[in-house]
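Text of upload.cif (mmCIF, C-alpha atoms) as supplied:
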data_work
#
loop_
_atom_site.label_atom_id
_atom_site.label_comp_id
_atom_site.auth_asym_id
_atom_site.auth_seq_id
_atom_site.Cartn_x
_atom_site.Cartn_y
_atom_site.Cartn_z
CA MET Z 4 8.92 -28.02 -4.01
CA ARG Z 5 7.62 -29.26 -0.66
CA THR Z 6 4.65 -31.62 -0.59
CA PHE Z 7 1.90 -31.95 2.03
CA ASP Z 8 -1.30 -33.91 2.29
CA ILE Z 9 -3.28 -30.79 3.21
CA ALA Z 10 -2.69 -27.07 2.60
CA ILE Z 11 -4.91 -24.89 4.80
CA ILE Z 12 -5.38 -21.33 3.56
CA GLY Z 13 -5.91 -19.05 6.55
CA GLY Z 14 -4.33 -18.87 10.01
CA GLY Z 15 -7.34 -17.72 12.01
CA ILE Z 16 -9.17 -19.86 14.52
CA ALA Z 17 -10.80 -21.98 11.79
CA GLY Z 18 -7.59 -22.96 10.04
CA ILE Z 19 -5.51 -23.40 13.19
CA SER Z 20 -8.12 -25.49 15.01
CA LEU Z 21 -8.38 -27.74 11.95
CA ALA Z 22 -4.58 -28.07 11.87
CA TYR Z 23 -4.72 -29.21 15.51
CA PHE Z 24 -7.29 -31.93 14.88
CA LEU Z 25 -5.86 -32.97 11.52
CA SER Z 26 -2.09 -32.98 12.12
CA PRO Z 27 -1.94 -36.32 14.01
CA HIS Z 28 -3.35 -38.00 10.89
CA ARG Z 29 -2.09 -36.04 7.87
CA SER Z 30 0.85 -33.84 6.90
CA VAL Z 31 -0.40 -30.24 7.12
CA VAL Z 32 0.77 -26.78 6.15
CA VAL Z 33 -1.10 -23.61 7.14
CA LEU Z 34 -0.59 -20.54 4.92
CA GLU Z 35 -1.39 -17.22 6.63
CA ARG Z 36 -1.27 -14.00 4.61
CA GLU Z 37 -0.45 -11.73 7.59
CA ASP Z 38 2.63 -11.73 9.83
CA ALA Z 39 0.65 -12.98 12.84
CA LEU Z 40 -2.00 -15.64 13.36
CA GLY Z 41 -5.56 -14.50 13.98
CA TYR Z 42 -4.88 -10.95 12.85
CA HIS Z 43 -8.34 -10.16 11.48
CA SER Z 44 -11.57 -11.70 12.81
CA THR Z 45 -10.04 -13.90 15.51
CA GLY Z 46 -7.89 -11.21 17.06
CA ARG Z 47 -10.72 -8.64 17.12
CA SER Z 48 -13.48 -10.80 18.54
CA ALA Z 49 -15.43 -9.85 21.66
CA ALA Z 50 -14.62 -13.41 22.74
CA GLU Z 51 -17.77 -14.49 24.52
CA PHE Z 52 -19.07 -18.02 24.97
CA THR Z 53 -22.77 -18.64 25.37
CA LEU Z 54 -24.88 -21.78 25.06
CA ARG Z 55 -27.92 -19.83 23.88
CA ASP Z 56 -28.93 -16.69 21.97
CA ASN Z 57 -27.76 -18.00 18.60
CA ALA Z 58 -29.41 -20.00 15.84
CA PRO Z 59 -30.35 -23.55 16.99
CA LEU Z 60 -27.54 -25.22 15.05
CA VAL Z 61 -25.01 -22.72 16.40
CA ASN Z 62 -26.25 -23.43 19.93
CA ALA Z 63 -25.76 -27.14 19.18
CA LEU Z 64 -22.17 -26.46 18.07
CA ALA Z 65 -21.59 -24.48 21.27
CA ARG Z 66 -22.85 -27.35 23.41
CA ALA Z 67 -20.63 -29.76 21.48
CA SER Z 68 -17.64 -27.44 22.10
CA HIS Z 69 -18.30 -26.74 25.77
CA GLY Z 70 -16.69 -29.89 27.16
CA PHE Z 71 -13.44 -29.31 25.23
CA LEU Z 72 -13.19 -25.70 26.38
CA THR Z 73 -14.01 -26.40 30.04
CA THR Z 74 -11.93 -29.59 30.27
CA PRO Z 75 -9.42 -29.61 27.40
CA PRO Z 76 -7.04 -32.52 26.85
CA GLU Z 77 -4.30 -32.75 29.46
CA GLY Z 78 -1.49 -30.33 28.75
CA PHE Z 79 -3.43 -28.52 26.01
CA ALA Z 80 -3.41 -25.06 27.61
CA THR Z 81 -1.63 -23.47 30.56
CA VAL Z 82 -4.61 -21.33 31.65
CA PRO Z 83 -8.39 -21.90 31.84
CA LEU Z 84 -9.95 -21.24 28.44
CA LEU Z 85 -13.32 -20.05 29.79
CA ILE Z 86 -13.71 -17.44 32.53
CA GLU Z 87 -17.08 -17.05 34.26
CA ARG Z 88 -18.73 -13.75 33.40
CA GLY Z 89 -22.52 -14.01 33.27
CA SER Z 90 -24.77 -11.58 31.43
CA ILE Z 91 -27.51 -9.11 32.17
CA ILE Z 92 -30.17 -9.16 29.47
CA LEU Z 93 -32.19 -5.97 29.55
CA GLY Z 94 -34.78 -3.94 27.69
CA THR Z 95 -36.72 -0.70 27.82
CA GLU Z 96 -40.32 -0.46 29.04
CA ASP Z 97 -41.73 -1.32 25.62
CA LYS Z 98 -39.59 -4.49 25.57
CA ALA Z 99 -40.31 -5.60 29.14
CA ALA Z 100 -42.65 -8.37 27.99
CA LEU Z 101 -39.99 -9.73 25.64
CA VAL Z 102 -37.38 -9.70 28.41
CA ARG Z 103 -39.79 -11.57 30.69
CA ALA Z 104 -40.53 -14.12 27.94
CA ARG Z 105 -36.82 -14.79 27.38
CA TYR Z 106 -36.37 -15.19 31.12
CA GLU Z 107 -39.20 -17.73 31.33
CA GLN Z 108 -37.82 -19.64 28.34
CA ALA Z 109 -34.45 -19.93 30.06
CA ARG Z 110 -36.10 -21.13 33.27
CA GLU Z 111 -37.98 -23.82 31.36
CA LEU Z 112 -34.62 -25.04 30.05
CA GLY Z 113 -33.41 -25.39 33.64
CA VAL Z 114 -31.04 -22.42 33.54
CA ALA Z 115 -30.44 -20.74 36.91
CA VAL Z 116 -31.47 -17.29 35.64
CA GLU Z 117 -32.25 -14.57 38.18
CA TRP Z 118 -34.87 -11.86 37.68
CA LEU Z 119 -33.39 -8.49 38.63
CA ASP Z 120 -35.23 -5.68 40.32
CA GLU Z 121 -33.54 -2.28 40.28
CA THR Z 122 -31.52 -2.92 43.43
CA ALA Z 123 -30.26 -6.32 42.25
CA MET Z 124 -29.44 -4.97 38.79
CA LEU Z 125 -27.40 -2.07 40.16
CA ALA Z 126 -25.62 -4.39 42.56
CA ARG Z 127 -24.30 -6.30 39.54
CA ALA Z 128 -23.75 -3.31 37.22
CA PRO Z 129 -23.79 -0.02 39.16
CA MET Z 130 -23.46 2.17 36.07
CA LEU Z 131 -26.71 0.99 34.42
CA ASN Z 132 -29.48 3.55 34.04
CA PRO Z 133 -32.68 2.17 35.64
CA THR Z 134 -34.83 4.62 33.69
CA TYR Z 135 -33.62 2.86 30.52
CA ALA Z 136 -33.42 -0.71 31.81
CA ALA Z 137 -37.03 -1.26 32.81
CA ALA Z 138 -36.70 -5.06 32.81
CA ALA Z 139 -33.66 -7.25 33.27
CA TYR Z 140 -32.47 -10.68 34.30
CA PHE Z 141 -29.10 -12.31 34.94
CA ASP Z 142 -27.98 -15.38 32.98
CA PRO Z 143 -24.98 -17.17 34.50
CA ASP Z 144 -24.15 -19.12 31.33
CA TYR Z 145 -21.85 -16.58 29.72
CA TRP Z 146 -18.07 -16.89 29.75
CA ASP Z 147 -15.11 -14.93 28.43
CA ILE Z 148 -12.94 -16.96 26.06
CA GLU Z 149 -9.17 -16.68 26.44
CA VAL Z 150 -8.83 -16.34 22.69
CA ASP Z 151 -5.07 -15.98 22.36
CA ALA Z 152 -4.44 -18.87 24.76
CA LEU Z 153 -6.83 -21.05 22.73
CA LEU Z 154 -5.34 -20.06 19.36
CA GLN Z 155 -1.76 -20.54 20.51
CA ALA Z 156 -2.58 -23.90 22.12
CA TYR Z 157 -4.07 -25.16 18.86
CA ALA Z 158 -0.98 -23.94 16.99
CA ARG Z 159 1.52 -25.32 19.51
CA HIS Z 160 0.07 -28.82 19.49
CA ALA Z 161 -0.39 -28.82 15.71
CA ARG Z 162 3.32 -28.05 15.35
CA ARG Z 163 4.18 -30.83 17.80
CA HIS Z 164 2.40 -33.22 15.46
CA GLY Z 165 4.42 -31.97 12.49
CA ALA Z 166 2.22 -29.22 11.05
CA GLU Z 167 4.01 -26.28 9.49
CA ILE Z 168 2.38 -22.91 10.12
CA LEU Z 169 3.79 -20.30 7.76
CA GLU Z 170 3.06 -16.60 8.10
CA ASN Z 171 3.51 -13.89 5.45
CA ARG Z 172 2.31 -16.35 2.81
CA ARG Z 173 -0.09 -14.55 0.49
CA LEU Z 174 -1.92 -16.83 -1.94
CA ALA Z 175 -1.20 -15.90 -5.55
CA GLY Z 176 -3.15 -18.75 -7.11
CA ALA Z 177 -3.49 -22.51 -7.25
CA ARG Z 178 -3.95 -24.97 -10.06
CA ARG Z 179 -4.70 -28.64 -10.24
CA ALA Z 180 -2.24 -31.09 -11.76
CA ALA Z 181 -3.97 -34.48 -11.89
CA ASP Z 182 -4.97 -35.17 -8.25
CA THR Z 183 -2.59 -32.60 -6.78
CA TRP Z 184 -2.79 -28.87 -6.11
CA LEU Z 185 0.13 -26.58 -6.89
CA VAL Z 186 -0.36 -23.69 -4.46
CA GLU Z 187 1.55 -20.55 -5.39
CA THR Z 188 2.38 -18.00 -2.70
CA ASN Z 189 4.54 -14.88 -2.63
CA GLU Z 190 7.39 -17.00 -1.20
CA GLU Z 191 7.15 -20.47 -2.74
CA THR Z 192 5.04 -23.05 -4.52
CA ILE Z 193 3.69 -25.92 -2.44
CA SER Z 194 2.22 -29.22 -3.60
CA ALA Z 195 -0.78 -30.55 -1.68
CA GLY Z 196 -3.30 -33.30 -2.14
CA MET Z 197 -6.10 -31.08 -0.79
CA VAL Z 198 -6.64 -27.36 -0.30
CA VAL Z 199 -8.77 -26.24 2.64
CA ASN Z 200 -10.34 -22.81 2.33
CA ALA Z 201 -10.34 -21.37 5.87
CA ALA Z 202 -9.73 -17.80 4.74
CA GLY Z 203 -12.58 -16.08 6.61
CA GLY Z 204 -13.65 -12.91 4.82
CA TRP Z 205 -11.41 -13.85 1.88
CA ALA Z 206 -13.00 -17.29 1.39
CA ASP Z 207 -14.66 -16.46 -1.93
CA THR Z 208 -11.50 -14.68 -3.12
CA VAL Z 209 -9.43 -17.77 -2.33
CA ALA Z 210 -11.92 -19.98 -4.17
CA SER Z 211 -11.68 -17.80 -7.26
CA LEU Z 212 -7.88 -17.87 -7.15
CA CYS Z 213 -8.13 -21.67 -7.15
CA GLY Z 214 -10.61 -21.78 -10.04
CA ILE Z 215 -13.45 -22.87 -7.74
CA ALA Z 216 -16.94 -21.36 -7.82
CA PRO Z 217 -17.49 -18.95 -4.89
CA MET Z 218 -20.11 -19.78 -2.24
CA GLY Z 219 -21.38 -16.27 -1.58
CA ILE Z 220 -19.47 -15.81 1.69
CA VAL Z 221 -19.91 -12.12 2.57
CA PRO Z 222 -17.84 -10.37 5.26
CA HIS Z 223 -19.69 -7.94 7.54
CA ARG Z 224 -18.08 -5.18 9.58
CA ARG Z 225 -18.66 -5.00 13.34
CA THR Z 226 -17.51 -2.06 15.48
CA ALA Z 227 -16.38 -1.77 19.08
CA ILE Z 228 -15.10 0.99 21.32
CA THR Z 229 -13.73 1.13 24.86
CA VAL Z 230 -14.49 3.90 27.33
CA ASP Z 231 -13.36 4.65 30.88
CA LEU Z 232 -15.38 3.54 33.89
CA PRO Z 233 -15.83 5.74 36.96
CA GLU Z 234 -13.66 5.15 39.99
CA GLY Z 235 -15.13 2.57 42.30
CA ILE Z 236 -16.46 0.26 39.58
CA ASP Z 237 -14.38 -2.90 39.28
CA ALA Z 238 -14.48 -3.86 35.61
CA GLY Z 239 -13.36 -7.38 36.42
CA ARG Z 240 -16.55 -8.01 38.39
CA LEU Z 241 -18.98 -6.63 35.82
CA PRO Z 242 -21.16 -9.00 33.79
CA GLU Z 243 -21.67 -8.70 30.08
CA ILE Z 244 -24.72 -6.58 29.24
CA ASN Z 245 -26.90 -7.48 26.27
CA GLU Z 246 -29.86 -5.55 24.90
CA VAL Z 247 -32.65 -8.09 24.47
CA GLU Z 248 -32.91 -7.60 20.69
CA GLU Z 249 -29.13 -7.35 20.25
CA ILE Z 250 -29.14 -3.65 19.43
CA PHE Z 251 -25.97 -3.28 21.50
CA TYR Z 252 -23.83 -5.08 24.03
CA PHE Z 253 -21.28 -4.03 26.65
CA LYS Z 254 -18.61 -6.02 28.46
CA PRO Z 255 -15.43 -5.39 30.47
CA GLU Z 256 -12.24 -5.08 28.44
CA GLY Z 257 -8.85 -4.27 29.92
CA GLY Z 258 -10.25 -2.38 32.90
CA ARG Z 259 -12.61 -0.37 30.71
CA LEU Z 260 -16.05 -0.87 29.21
CA LEU Z 261 -16.28 -2.28 25.69
CA ALA Z 262 -19.37 -1.20 23.77
CA SER Z 263 -20.59 -2.36 20.38
CA PRO Z 264 -23.64 -1.25 18.38
CA ALA Z 265 -23.80 -4.88 17.15
CA ASP Z 266 -23.55 -3.62 13.58
CA ALA Z 267 -23.27 -6.05 10.70
CA THR Z 268 -22.54 -4.04 7.56
CA PRO Z 269 -21.54 -5.93 4.40
CA CYS Z 270 -18.03 -4.95 3.37
CA GLU Z 271 -15.13 -5.98 1.19
CA PRO Z 272 -12.53 -8.25 2.83
CA ALA Z 273 -9.84 -5.96 4.19
CA ASP Z 274 -8.11 -4.69 7.28
CA VAL Z 275 -11.43 -3.08 8.19
CA GLN Z 276 -11.58 0.17 10.12
CA PRO Z 277 -14.47 1.58 12.15
CA GLU Z 278 -16.82 4.11 10.56
CA GLU Z 279 -17.46 7.33 12.50
CA LEU Z 280 -21.21 6.77 12.51
CA ASP Z 281 -20.89 3.31 14.08
CA VAL Z 282 -18.49 4.65 16.71
CA ALA Z 283 -21.03 7.37 17.47
CA TYR Z 284 -23.81 4.80 17.84
CA ALA Z 285 -21.70 2.78 20.27
CA ALA Z 286 -21.07 5.88 22.40
CA HIS Z 287 -24.76 6.82 22.17
CA TYR Z 288 -25.87 3.46 23.58
CA VAL Z 289 -23.42 3.82 26.46
CA GLU Z 290 -24.88 7.21 27.37
CA GLU Z 291 -28.46 6.02 26.89
CA ALA Z 292 -28.31 2.75 28.82
CA THR Z 293 -25.86 3.79 31.56
CA THR Z 294 -25.16 6.84 33.70
CA LEU Z 295 -21.75 7.28 32.04
CA SER Z 296 -20.86 10.36 30.04
CA VAL Z 297 -18.54 9.49 27.17
CA ARG Z 298 -15.99 12.30 27.18
CA ARG Z 299 -13.26 10.23 25.59
CA ILE Z 300 -13.17 7.09 23.48
CA PHE Z 301 -10.06 5.26 24.56
CA LYS Z 302 -9.97 2.97 21.52
CA SER Z 303 -12.13 2.04 18.55
CA TRP Z 304 -11.78 -0.79 16.06
CA ALA Z 305 -13.70 -3.02 13.69
CA GLY Z 306 -13.56 -6.66 12.71
CA MET Z 307 -15.15 -8.95 10.14
CA ARG Z 308 -17.85 -11.59 10.59
CA SER Z 309 -18.37 -13.67 7.45
CA PHE Z 310 -21.74 -15.20 6.58
CA SER Z 311 -23.05 -17.64 4.02
CA ALA Z 312 -26.51 -17.16 2.51
CA ASP Z 313 -28.23 -19.02 5.37
CA ARG Z 314 -25.83 -17.64 8.02
CA LEU Z 315 -24.50 -21.10 8.88
CA PRO Z 316 -21.02 -22.53 8.32
CA VAL Z 317 -20.01 -24.12 5.03
CA ILE Z 318 -18.04 -27.29 5.72
CA GLY Z 319 -17.29 -29.93 3.14
CA PRO Z 320 -15.80 -30.61 -0.31
CA ALA Z 321 -16.55 -28.20 -3.13
CA LYS Z 322 -19.14 -29.29 -5.66
CA ASP Z 323 -16.66 -28.74 -8.47
CA ALA Z 324 -13.55 -30.32 -6.87
CA GLU Z 325 -13.58 -32.93 -4.13
CA ASN Z 326 -10.02 -32.09 -3.11
CA PHE Z 327 -10.99 -28.45 -2.41
CA PHE Z 328 -12.58 -28.27 1.05
CA TRP Z 329 -14.64 -25.39 2.47
CA LEU Z 330 -14.30 -24.35 6.12
CA ALA Z 331 -15.90 -20.94 6.02
CA GLY Z 332 -18.85 -18.77 7.00
CA GLN Z 333 -18.50 -19.01 10.78
CA GLY Z 334 -20.38 -15.73 11.19
CA GLY Z 335 -18.76 -14.38 14.35
CA TYR Z 336 -19.07 -17.61 16.36
CA GLY Z 337 -15.99 -19.37 14.97
CA ILE Z 338 -14.03 -19.14 18.23
CA LEU Z 339 -16.69 -20.55 20.53
CA THR Z 340 -17.48 -23.38 18.09
CA SER Z 341 -13.89 -24.10 17.02
CA PRO Z 342 -13.60 -27.45 18.87
CA ALA Z 343 -16.76 -28.69 17.15
CA LEU Z 344 -16.05 -27.29 13.68
CA GLY Z 345 -12.36 -28.21 13.70
CA SER Z 346 -13.04 -31.80 14.74
CA LEU Z 347 -15.94 -32.12 12.29
CA ALA Z 348 -13.84 -30.89 9.36
CA ALA Z 349 -10.97 -33.18 10.32
CA ALA Z 350 -13.32 -36.17 10.45
CA LEU Z 351 -14.74 -35.40 7.02
CA ILE Z 352 -11.29 -34.96 5.48
CA THR Z 353 -9.91 -38.19 6.94
CA GLY Z 354 -13.09 -40.21 6.38
CA SER Z 355 -13.50 -40.80 10.13
CA PRO Z 356 -16.81 -40.98 12.02
CA VAL Z 357 -18.32 -37.67 13.11
CA PRO Z 358 -17.27 -37.09 16.75
CA GLU Z 359 -19.79 -38.22 19.36
CA ALA Z 360 -20.05 -34.73 20.86
CA LEU Z 361 -21.54 -33.63 17.54
CA THR Z 362 -23.76 -36.62 16.82
CA ARG Z 363 -25.35 -36.19 20.27
CA GLU Z 364 -26.46 -32.77 19.05
CA GLY Z 365 -27.88 -34.15 15.81
CA ILE Z 366 -25.02 -32.84 13.67
CA GLY Z 367 -23.89 -35.16 10.91
CA ALA Z 368 -21.45 -35.22 8.02
CA ASP Z 369 -23.79 -33.32 5.68
CA THR Z 370 -25.27 -30.77 8.11
CA PHE Z 371 -23.13 -27.89 6.81
CA SER Z 372 -22.31 -29.28 3.38
CA PRO Z 373 -21.90 -26.89 0.42
CA GLU Z 374 -24.38 -29.16 -1.39
CA ARG Z 375 -27.25 -27.49 0.49
CA PHE Z 376 -26.86 -24.49 -1.83
CA SER Z 377 -27.21 -26.57 -4.99
#

Let me see whether you can do it: turn the structure in this file into structure tokens.
Amino acid sequence: MRTFDIAIIGGGIAGISLAYFLSPHRSVVVLEREDALGYHSTGRSAAEFTLRDNAPLVNALARASHGFLTTPPEGFATVPLLIERGSIILGTEDKAALVRARYEQARELGVAVEWLDETAMLARAPMLNPTYAAAAYFDPDYWDIEVDALLQAYARHARRHGAEILENRRLAGARRAADTWLVETNEETISAGMVVNAAGGWADTVASLCGIAPMGIVPHRRTAITVDLPEGIDAGRLPEINEVEEIFYFKPEGGRLLASPADATPCEPADVQPEELDVAYAAHYVEEATTLSVRRIFKSWAGMRSFSADRLPVIGPAKDAENFFWLAGQGGYGILTSPALGSLAAALITGSPVPEALTREGIGADTFSPERFS
């Protein structure tokens, strides 16, 4: 039986980023149920980075992560991790006042937003329908995240520091023996001083398999499709397009247009598949907000976003076992906040000070503690 200080359950962005920050200080094994890292939520993310438009604490996590992603440690990644994209935020006539208010709020924060008349809007996104988009502005502070490059960089450097990352390891159960966990998988039993639950949509399932009370982490399905763009429109130059109340969003994807109805339907943890109705809504919003006619859906898929009761992450030791650690409930923003959440979790596990990038944002050791649900 092999022994590690820490066994991390889950090889998505949460578990792998933690392995990166933790492996220089502890012996680490990551157990991933699938045959590839990031197969579920991480690999199906729309992969955007924004400093706004989320809950205040999520925005704080984004700000704390921004420096790492724009200027990572030397040798961390071979490509830039953030690619400038920008976003058009738009609304119909009855939402024009809301669009204007959001624009003014961004200006007050010192953001170089640009109000768009019809000509300026179509210059940035020629396929938009001006009869739908009655009000719009451009926000430069949106970036594409190179998700696979980020995930693989975390994994590569974690391995260099001795972490073992094992795929096709399905958790069968775990039991405590004195101060040690015996973690049973389909391949082997591993001994670990601490278990970290970074299992995404399966977080409550993993807790139950370990005899730990669940935290009410609920996965939600989100749908996306891609459709063809007309000749003459360069997808690489298009901004992201967000409806002001998040009814839908569009963005370039592989030379096509990705569209999502921004659905968030509670579901069971699984290899989720898109529902026909959600696919139809995505196509409907494309035809309503643009001049495109959706004759063919090139691809459709769905992914999971997992939420706690207050829609904020759960990070810290379980109330019923200090050597069971929660790193769950990232709610669809786990990739953009992974530098902050991974470093915070590593600090809590090793008893180190909370990183300065987080304390500057008012985030402390107990900000996301499971104790808040007591």

| field | Residue neighbourhood Z:Leu280, 12 Å, only C-alpha atoms, exclusion window fewer than 5 positions, as a PyMOL selection string | value | chain Z and resi 226-227+264+266+268+285-287+303

| said: Since I can't run it myself right now, could you work out what the PyMOL selection byres ((chain Z and resi 195) around 8) selects here and report it as a PyMOL selection string? | reply: chain Z and resi 6-10+183-186+193-194+196-198

Given the PyMOL selection byres ((chain Z and resi 175) around 8), the residues it picks as a short mmCIF file (atom, residue, chain, number, x, y, z; two decimals) with C-alpha atoms, in the coordinates of the input:
data_model
loop_
_atom_site.label_atom_id
_atom_site.label_comp_id
_atom_site.auth_asym_id
_atom_site.auth_seq_id
_atom_site.Cartn_x
_atom_site.Cartn_y
_atom_site.Cartn_z
CA ARG Z 173 -0.09 -14.55 0.49
CA LEU Z 174 -1.92 -16.83 -1.94
CA GLY Z 176 -3.15 -18.75 -7.11
CA ALA Z 177 -3.49 -22.51 -7.25
CA VAL Z 186 -0.36 -23.69 -4.46
CA GLU Z 187 1.55 -20.55 -5.39
CA THR Z 188 2.38 -18.00 -2.70
CA ASN Z 189 4.54 -14.88 -2.63
CA LEU Z 212 -7.88 -17.87 -7.15
#

| request: Write out as a ChimeraX atom specification which residues come within 12 Å of Z:Gly337 when counting all atoms listed in the file, dropping same-chain ones fewer than 3 positions away. | output: /Z:15-21,41,44-46,48-52,61,64-65,68,148,150,154,201,203,307-310,315-317,330-334,340-345

| field | One-decimal distance in Å that lies between atom CA of Z:Pro143 and atom CA of Z:Asp237 | value |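 Computed distance, atom CA of Z:Asp237 to atom CA of Z:Pro143, equals 18.4 Å.
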
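Residues lying within 10 Å of Z:Met124, counting all atoms listed in the file and ignoring same-chain neighbours fewer than 6 positions away, are Ile91, Leu93, Trp118, Met130, Leu131, Asn132, Pro133, Ala136, Ala138, Ala139, Tyr140 and Phe141 of chain Z.
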
Selection from above, C-alpha atoms, as a PDB file, in the coordinates of the input, can you write it?
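Ended up saving to out-v9.pdb:
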ATOM      1  CA  ILE Z  91     -27.510  -9.110  32.170  1.00  0.00           C
ATOM      2  CA  LEU Z  93     -32.190  -5.970  29.550  1.00  0.00           C
ATOM      3  CA  TRP Z 118     -34.870 -11.860  37.680  1.00  0.00           C
ATOM      4  CA  MET Z 130     -23.460   2.170  36.070  1.00  0.00           C
ATOM      5  CA  LEU Z 131     -26.710   0.990  34.420  1.00  0.00           C
ATOM      6  CA  ASN Z 132     -29.480   3.550  34.040  1.00  0.00           C
ATOM      7  CA  PRO Z 133     -32.680   2.170  35.640  1.00  0.00           C
ATOM      8  CA  ALA Z 136     -33.420  -0.710  31.810  1.00  0.00           C
ATOM      9  CA  ALA Z 138     -36.700  -5.060  32.810  1.00  0.00           C
ATOM     10  CA  ALA Z 139     -33.660  -7.250  33.270  1.00  0.00           C
ATOM     11  CA  TYR Z 140     -32.470 -10.680  34.300  1.00  0.00           C
ATOM     12  CA  PHE Z 141     -29.100 -12.310  34.940  1.00  0.00           C
TER      13      PHE Z 141
END

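Of the residues under consideration (Z:Thr294, Z:Ser30, Z:Thr370, Z:Thr353), Z:Ser30 shows the shortest atom-to-atom contact distance to Z:Ala161 when counting only C-alpha atoms.
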
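In this model, the gap between atom CA of Z:Val33 and atom CA of Z:Ala166 comes to 7.6 Å.
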
| field | Nearby residues (all atoms listed in the file) at most 12 Å from Z:Thr362, same-chain spacing under 3 positions excluded, as a ChimeraX atom specification | value | /Z:63-64,66-67,343,346-347,356-359,365-370
